[in-house]
Amino acid sequence: MPDNANERAALVNRQLPEMQLSTLTNPLTAPKPPPDNLSLAQRAQYRFQIKGNAIITGGAGTLALEAARALLEHGASGLALWDLNPEQAFESVKTLHASFPDRRIITEAVDVRDEAQITSAVESAVKVLGSIDMLCCFAGIVGCTHALDMSVAEWRRTHDINLTGSFLCAQAVARQMLVQGTGGSIIFTASISAHSTNFPQPQVAYNSSKTALLSLAKSLAAEWTVHGIRVNCISPGYMDTILNEGEGLTKARDIWNKRNPTGRMGHPWELTGPLVLLCSNAGKYVNGTDIVVDGGAMVF
């Protein structure tokens, strides 16, 4: 509470900043149906066509690399893969170069908690790729610690990477999109952990960081759509990656599968359809929302 007359006066006389929404006349948010002269095959291709360049954070991970290939398959002209240790993906990136020799694919070491590194990496990506049209945030960590035993350092690190890191990357990319005047698409990777508490593992820091991403996407969509920037989330269920492998996770995997109507974990490829939708013409009117990709786990 304000503790003197000046602070109270400043409080009651303050003016709130107001966000601006888009309008019917804004070309950045206008619909883009296919031209009338396209064939049936061309119309189908147009629907999920992707144009421009993307930044993918956590770019050395399995989900990010699947996303990278999908974006290239649907027409992306260039990619910037950011990761703390991008050299881990050397062979995978080499394969992408071989499969798409006409595209520009770069990697860069970026800590998504570091605003200066992010700003520098955006500048580097623009120099090489020419524009930034999409941001796909896959950088994230998970830890399974009982809440009573959790250190403040673990709590802060999880939120700094999963939540603050996503915001800082989105902010830097949105600023670049404003400079370009082009708009674009930003996608956060949330989780089913944002919708329901996981069982049997305790992971309160991860769950809360992913829940906050849903709100972040809605808030940014409200603020940035006037600039032609759509912001959405994808919430994967348990995915069949190295993070969920190992004998020590056998019991947990059995529980996850038994509690899922589909009876299994997801294949990383199964995330790429929703991602392509959100980056393509087909997702032009999808904004501020979350797509759950979990085999039906959240029906219970």
# chains A, B, ... in the order shown; residues from 1 in each chain; ligands from 1

call {"tool": "select_by_dssp", "arguments": {"residues": "region 69-269 of chain A", "states": "helix (DSSP H, G or I)", "output": "PyMOL selection string"}}
result
chain A and resi 69-73+86-99+115-129+147-149+152-180+192-194+204-227+242-244+247-258+268-269

call {"tool": "write_last_selection", "arguments": {"atoms": "C-alpha atoms", "output": "short mmCIF file (atom, residue, chain, number, x, y, z; two decimals), in the first residue's frame"}}
result
data_model
loop_
_atom_site.label_atom_id
_atom_site.label_comp_id
_atom_site.auth_asym_id
_atom_site.auth_seq_id
_atom_site.Cartn_x
_atom_site.Cartn_y
_atom_site.Cartn_z
CA ARG A 69 12.16 -31.15 -41.05
CA ALA A 70 8.40 -30.61 -41.19
CA LEU A 71 8.75 -26.86 -41.75
CA LEU A 72 11.24 -27.46 -44.54
CA GLU A 73 9.01 -30.09 -46.15
CA PRO A 86 23.99 -27.17 -31.00
CA GLU A 87 26.93 -29.45 -31.88
CA GLN A 88 24.89 -32.33 -30.43
CA ALA A 89 22.70 -32.13 -33.52
CA PHE A 90 25.59 -32.05 -36.02
CA GLU A 91 24.66 -35.27 -37.80
CA SER A 92 20.95 -34.42 -37.89
CA VAL A 93 21.62 -30.95 -39.27
CA LYS A 94 23.99 -32.47 -41.83
CA THR A 95 21.14 -34.72 -42.95
CA LEU A 96 18.80 -31.75 -43.23
CA HIS A 97 21.33 -29.93 -45.40
CA ALA A 98 21.58 -32.98 -47.65
CA SER A 99 17.80 -33.34 -47.91
CA GLU A 115 18.59 -11.42 -23.31
CA ALA A 116 21.84 -10.20 -24.89
CA GLN A 117 22.54 -13.60 -26.47
CA ILE A 118 19.02 -13.74 -27.86
CA THR A 119 19.25 -10.25 -29.35
CA SER A 120 22.59 -11.09 -30.96
CA ALA A 121 21.28 -14.39 -32.32
CA VAL A 122 18.24 -12.70 -33.89
CA GLU A 123 20.56 -10.23 -35.60
CA SER A 124 22.72 -13.10 -36.88
CA ALA A 125 19.69 -14.98 -38.17
CA VAL A 126 18.42 -11.90 -40.02
CA LYS A 127 21.82 -11.37 -41.66
CA VAL A 128 21.88 -14.93 -42.99
CA LEU A 129 18.20 -15.66 -43.60
CA ALA A 147 7.83 -29.98 -3.57
CA LEU A 148 8.97 -30.21 0.06
CA ASP A 149 12.51 -31.01 -1.10
CA VAL A 152 14.66 -22.32 -4.80
CA ALA A 153 17.49 -22.66 -7.33
CA GLU A 154 15.73 -25.54 -9.11
CA TRP A 155 12.40 -23.71 -9.04
CA ARG A 156 13.92 -20.55 -10.54
CA ARG A 157 15.99 -22.40 -13.15
CA THR A 158 12.94 -24.30 -14.42
CA HIS A 159 10.85 -21.15 -14.73
CA ASP A 160 13.73 -19.12 -16.16
CA ILE A 161 14.22 -21.59 -19.02
CA ASN A 162 10.67 -22.76 -19.68
CA LEU A 163 8.75 -19.52 -19.11
CA THR A 164 11.05 -16.50 -19.05
CA GLY A 165 13.17 -17.94 -21.87
CA SER A 166 10.11 -18.36 -24.05
CA PHE A 167 9.02 -14.79 -23.33
CA LEU A 168 12.45 -13.29 -24.06
CA CYS A 169 12.70 -15.14 -27.38
CA ALA A 170 9.16 -14.13 -28.33
CA GLN A 171 9.82 -10.51 -27.41
CA ALA A 172 13.02 -10.34 -29.47
CA VAL A 173 11.42 -12.01 -32.48
CA ALA A 174 8.28 -9.86 -32.25
CA ARG A 175 10.45 -6.74 -32.27
CA GLN A 176 12.11 -7.98 -35.44
CA MET A 177 8.74 -8.74 -37.03
CA LEU A 178 7.65 -5.19 -36.29
CA VAL A 179 10.75 -3.85 -38.00
CA GLN A 180 9.97 -6.03 -41.02
CA ILE A 192 -0.41 -31.71 -20.78
CA SER A 193 1.22 -30.75 -17.48
CA ALA A 194 -0.41 -27.35 -18.01
CA VAL A 204 5.54 -28.90 -9.55
CA ALA A 205 8.05 -26.44 -11.05
CA TYR A 206 7.66 -27.85 -14.55
CA ASN A 207 3.88 -28.01 -14.29
CA SER A 208 3.52 -24.41 -13.13
CA SER A 209 5.95 -23.11 -15.76
CA LYS A 210 3.99 -24.81 -18.53
CA THR A 211 0.64 -23.60 -17.17
CA ALA A 212 1.98 -20.05 -17.25
CA LEU A 213 2.87 -20.47 -20.94
CA LEU A 214 -0.83 -20.86 -21.77
CA SER A 215 -1.56 -17.50 -20.19
CA LEU A 216 1.50 -15.94 -21.82
CA ALA A 217 0.32 -17.02 -25.27
CA LYS A 218 -3.15 -15.54 -24.72
CA SER A 219 -1.75 -12.28 -23.38
CA LEU A 220 0.73 -11.84 -26.23
CA ALA A 221 -1.90 -12.76 -28.81
CA ALA A 222 -4.11 -9.99 -27.43
CA GLU A 223 -1.29 -7.44 -27.62
CA TRP A 224 0.47 -8.44 -30.81
CA THR A 225 -2.22 -9.51 -33.24
CA VAL A 226 -2.59 -5.90 -34.39
CA HIS A 227 0.95 -6.32 -35.73
CA ILE A 242 15.22 -40.08 -24.92
CA LEU A 243 13.80 -38.11 -21.99
CA ASN A 244 11.32 -40.93 -21.38
CA GLU A 247 14.82 -48.94 -17.11
CA GLY A 248 14.18 -46.55 -14.26
CA LEU A 249 11.13 -45.18 -16.07
CA THR A 250 9.53 -48.54 -16.93
CA LYS A 251 6.95 -48.33 -14.15
CA ALA A 252 6.08 -44.72 -14.97
CA ARG A 253 5.74 -45.47 -18.70
CA ASP A 254 3.37 -48.34 -17.92
CA ILE A 255 1.23 -46.01 -15.81
CA TRP A 256 1.22 -43.29 -18.47
CA ASN A 257 0.19 -45.77 -21.17
CA LYS A 258 -2.54 -47.39 -19.06
CA PRO A 268 7.58 -36.95 -32.20
CA TRP A 269 6.35 -36.86 -35.81
#

call {"tool": "closest_residue", "arguments": {"among": "A:Lys51, A:Pro202, A:Asn281, A:Val12", "to": "Ser131 (chain A)", "atoms": "only C-alpha atoms"}}
result
A:Lys51

call {"tool": "select_by_dssp", "arguments": {"residues": "region 49-291 of chain A", "states": "strand (DSSP E)", "output": "ChimeraX atom specification"}}
result
/A:53-57,78-83,104-109,134-137,184-189,229-236,290-291

call {"tool": "write_last_selection", "arguments": {"atoms": "C-alpha atoms", "output": "short mmCIF file (atom, residue, chain, number, x, y, z; two decimals), in the first residue's frame"}}
result
data_model
loop_
_atom_site.label_atom_id
_atom_site.label_comp_id
_atom_site.auth_asym_id
_atom_site.auth_seq_id
_atom_site.Cartn_x
_atom_site.Cartn_y
_atom_site.Cartn_z
CA ASN A 53 12.22 -18.45 -42.12
CA ALA A 54 11.93 -19.89 -38.64
CA ILE A 55 13.89 -19.81 -35.41
CA ILE A 56 13.62 -23.01 -33.40
CA THR A 57 14.85 -23.01 -29.80
CA GLY A 78 15.50 -21.15 -43.88
CA LEU A 79 16.00 -22.21 -40.28
CA ALA A 80 18.03 -20.99 -37.32
CA LEU A 81 18.43 -23.75 -34.74
CA TRP A 82 19.27 -22.41 -31.28
CA ASP A 83 20.53 -24.61 -28.48
CA ARG A 104 19.61 -22.08 -45.51
CA ILE A 105 20.05 -23.83 -42.16
CA ILE A 106 22.20 -22.33 -39.42
CA THR A 107 22.90 -23.28 -35.81
CA GLU A 108 23.88 -21.05 -32.93
CA ALA A 109 24.67 -21.53 -29.25
CA MET A 134 8.21 -17.94 -37.30
CA LEU A 135 9.44 -18.79 -33.81
CA CYS A 136 9.01 -22.28 -32.39
CA CYS A 137 10.04 -22.54 -28.73
CA GLY A 184 4.40 -13.91 -38.26
CA SER A 185 3.66 -16.91 -36.05
CA ILE A 186 5.02 -17.69 -32.58
CA ILE A 187 4.46 -21.11 -31.03
CA PHE A 188 5.24 -22.09 -27.44
CA THR A 189 5.60 -25.69 -26.34
CA ILE A 229 1.72 -11.72 -35.02
CA ARG A 230 -0.21 -14.80 -33.95
CA VAL A 231 0.81 -16.52 -30.70
CA ASN A 232 -0.27 -20.07 -29.86
CA CYS A 233 0.74 -23.12 -27.84
CA ILE A 234 1.07 -26.83 -28.48
CA SER A 235 0.66 -29.12 -25.48
CA PRO A 236 2.28 -32.52 -26.08
CA ASP A 290 -3.53 -24.26 -27.29
CA ILE A 291 -3.61 -27.53 -29.23
#

call {"tool": "closest_residue", "arguments": {"among": "A:Gln203, A:Ser39, A:Ser280, A:Thr241", "to": "Thr62 (chain A)", "atoms": "only C-alpha atoms"}}
result
A:Thr241

call {"tool": "closest_residue", "arguments": {"among": "A:Ser77, A:Asp111, A:Tyr46, A:Asp133", "to": "Gly59 (chain A)", "atoms": "only C-alpha atoms"}}
result
A:Asp111

call {"tool": "atom_distance", "arguments": {"atom1": "CA of Ala44 (chain A)", "atom2": "CA of Gly288 (chain A)"}}
result
25.1 Å

call {"tool": "atom_distance", "arguments": {"atom1": "CA of Asp102 (chain A)", "atom2": "CA of Pro34 (chain A)"}}
result
25.5 Å

call {"tool": "atom_distance", "arguments": {"atom1": "CA of Asp294 (chain A)", "atom2": "CA of Cys279 (chain A)"}}
result
20.0 Å

call {"tool": "closest_residue", "arguments": {"among": "A:Ala41, A:Ala10, A:Ile141, A:Ala30", "to": "Gly61 (chain A)", "atoms": "only C-alpha atoms"}}
result
A:Ile141

call {"tool": "decode", "arguments": {"residues": "region 39-70 of chain A", "atoms": "C-alpha atoms", "output": "PDB file, in the first residue's frame"}}
result
ATOM      1  CA  SER A  39      -5.961 -26.457 -59.406  1.00  0.00           C
ATOM      2  CA  LEU A  40      -7.320 -28.803 -56.733  1.00  0.00           C
ATOM      3  CA  ALA A  41      -3.819 -30.066 -56.002  1.00  0.00           C
ATOM      4  CA  GLN A  42      -2.482 -26.524 -55.790  1.00  0.00           C
ATOM      5  CA  ARG A  43      -5.281 -25.508 -53.421  1.00  0.00           C
ATOM      6  CA  ALA A  44      -4.424 -28.406 -51.130  1.00  0.00           C
ATOM      7  CA  GLN A  45      -0.758 -27.441 -51.216  1.00  0.00           C
ATOM      8  CA  TYR A  46      -1.585 -23.789 -50.581  1.00  0.00           C
ATOM      9  CA  ARG A  47      -3.542 -24.643 -47.441  1.00  0.00           C
ATOM     10  CA  PHE A  48      -0.513 -25.909 -45.528  1.00  0.00           C
ATOM     11  CA  GLN A  49       2.142 -23.958 -47.373  1.00  0.00           C
ATOM     12  CA  ILE A  50       4.819 -22.357 -45.191  1.00  0.00           C
ATOM     13  CA  LYS A  51       6.730 -19.321 -46.348  1.00  0.00           C
ATOM     14  CA  GLY A  52       9.706 -17.603 -44.812  1.00  0.00           C
ATOM     15  CA  ASN A  53      12.219 -18.449 -42.117  1.00  0.00           C
ATOM     16  CA  ALA A  54      11.931 -19.890 -38.641  1.00  0.00           C
ATOM     17  CA  ILE A  55      13.895 -19.814 -35.413  1.00  0.00           C
ATOM     18  CA  ILE A  56      13.623 -23.010 -33.396  1.00  0.00           C
ATOM     19  CA  THR A  57      14.848 -23.010 -29.799  1.00  0.00           C
ATOM     20  CA  GLY A  58      16.037 -26.211 -28.168  1.00  0.00           C
ATOM     21  CA  GLY A  59      17.072 -26.988 -31.716  1.00  0.00           C
ATOM     22  CA  ALA A  60      19.266 -29.982 -30.883  1.00  0.00           C
ATOM     23  CA  GLY A  61      16.373 -31.893 -29.317  1.00  0.00           C
ATOM     24  CA  THR A  62      14.281 -34.625 -30.898  1.00  0.00           C
ATOM     25  CA  LEU A  63      11.032 -32.637 -31.035  1.00  0.00           C
ATOM     26  CA  ALA A  64      12.747 -29.558 -32.453  1.00  0.00           C
ATOM     27  CA  LEU A  65      14.516 -31.524 -35.170  1.00  0.00           C
ATOM     28  CA  GLU A  66      11.259 -33.199 -36.202  1.00  0.00           C
ATOM     29  CA  ALA A  67       9.713 -29.737 -36.348  1.00  0.00           C
ATOM     30  CA  ALA A  68      12.609 -28.449 -38.440  1.00  0.00           C
ATOM     31  CA  ARG A  69      12.158 -31.147 -41.054  1.00  0.00           C
ATOM     32  CA  ALA A  70       8.395 -30.611 -41.195  1.00  0.00           C
TER      33      ALA A  70
END
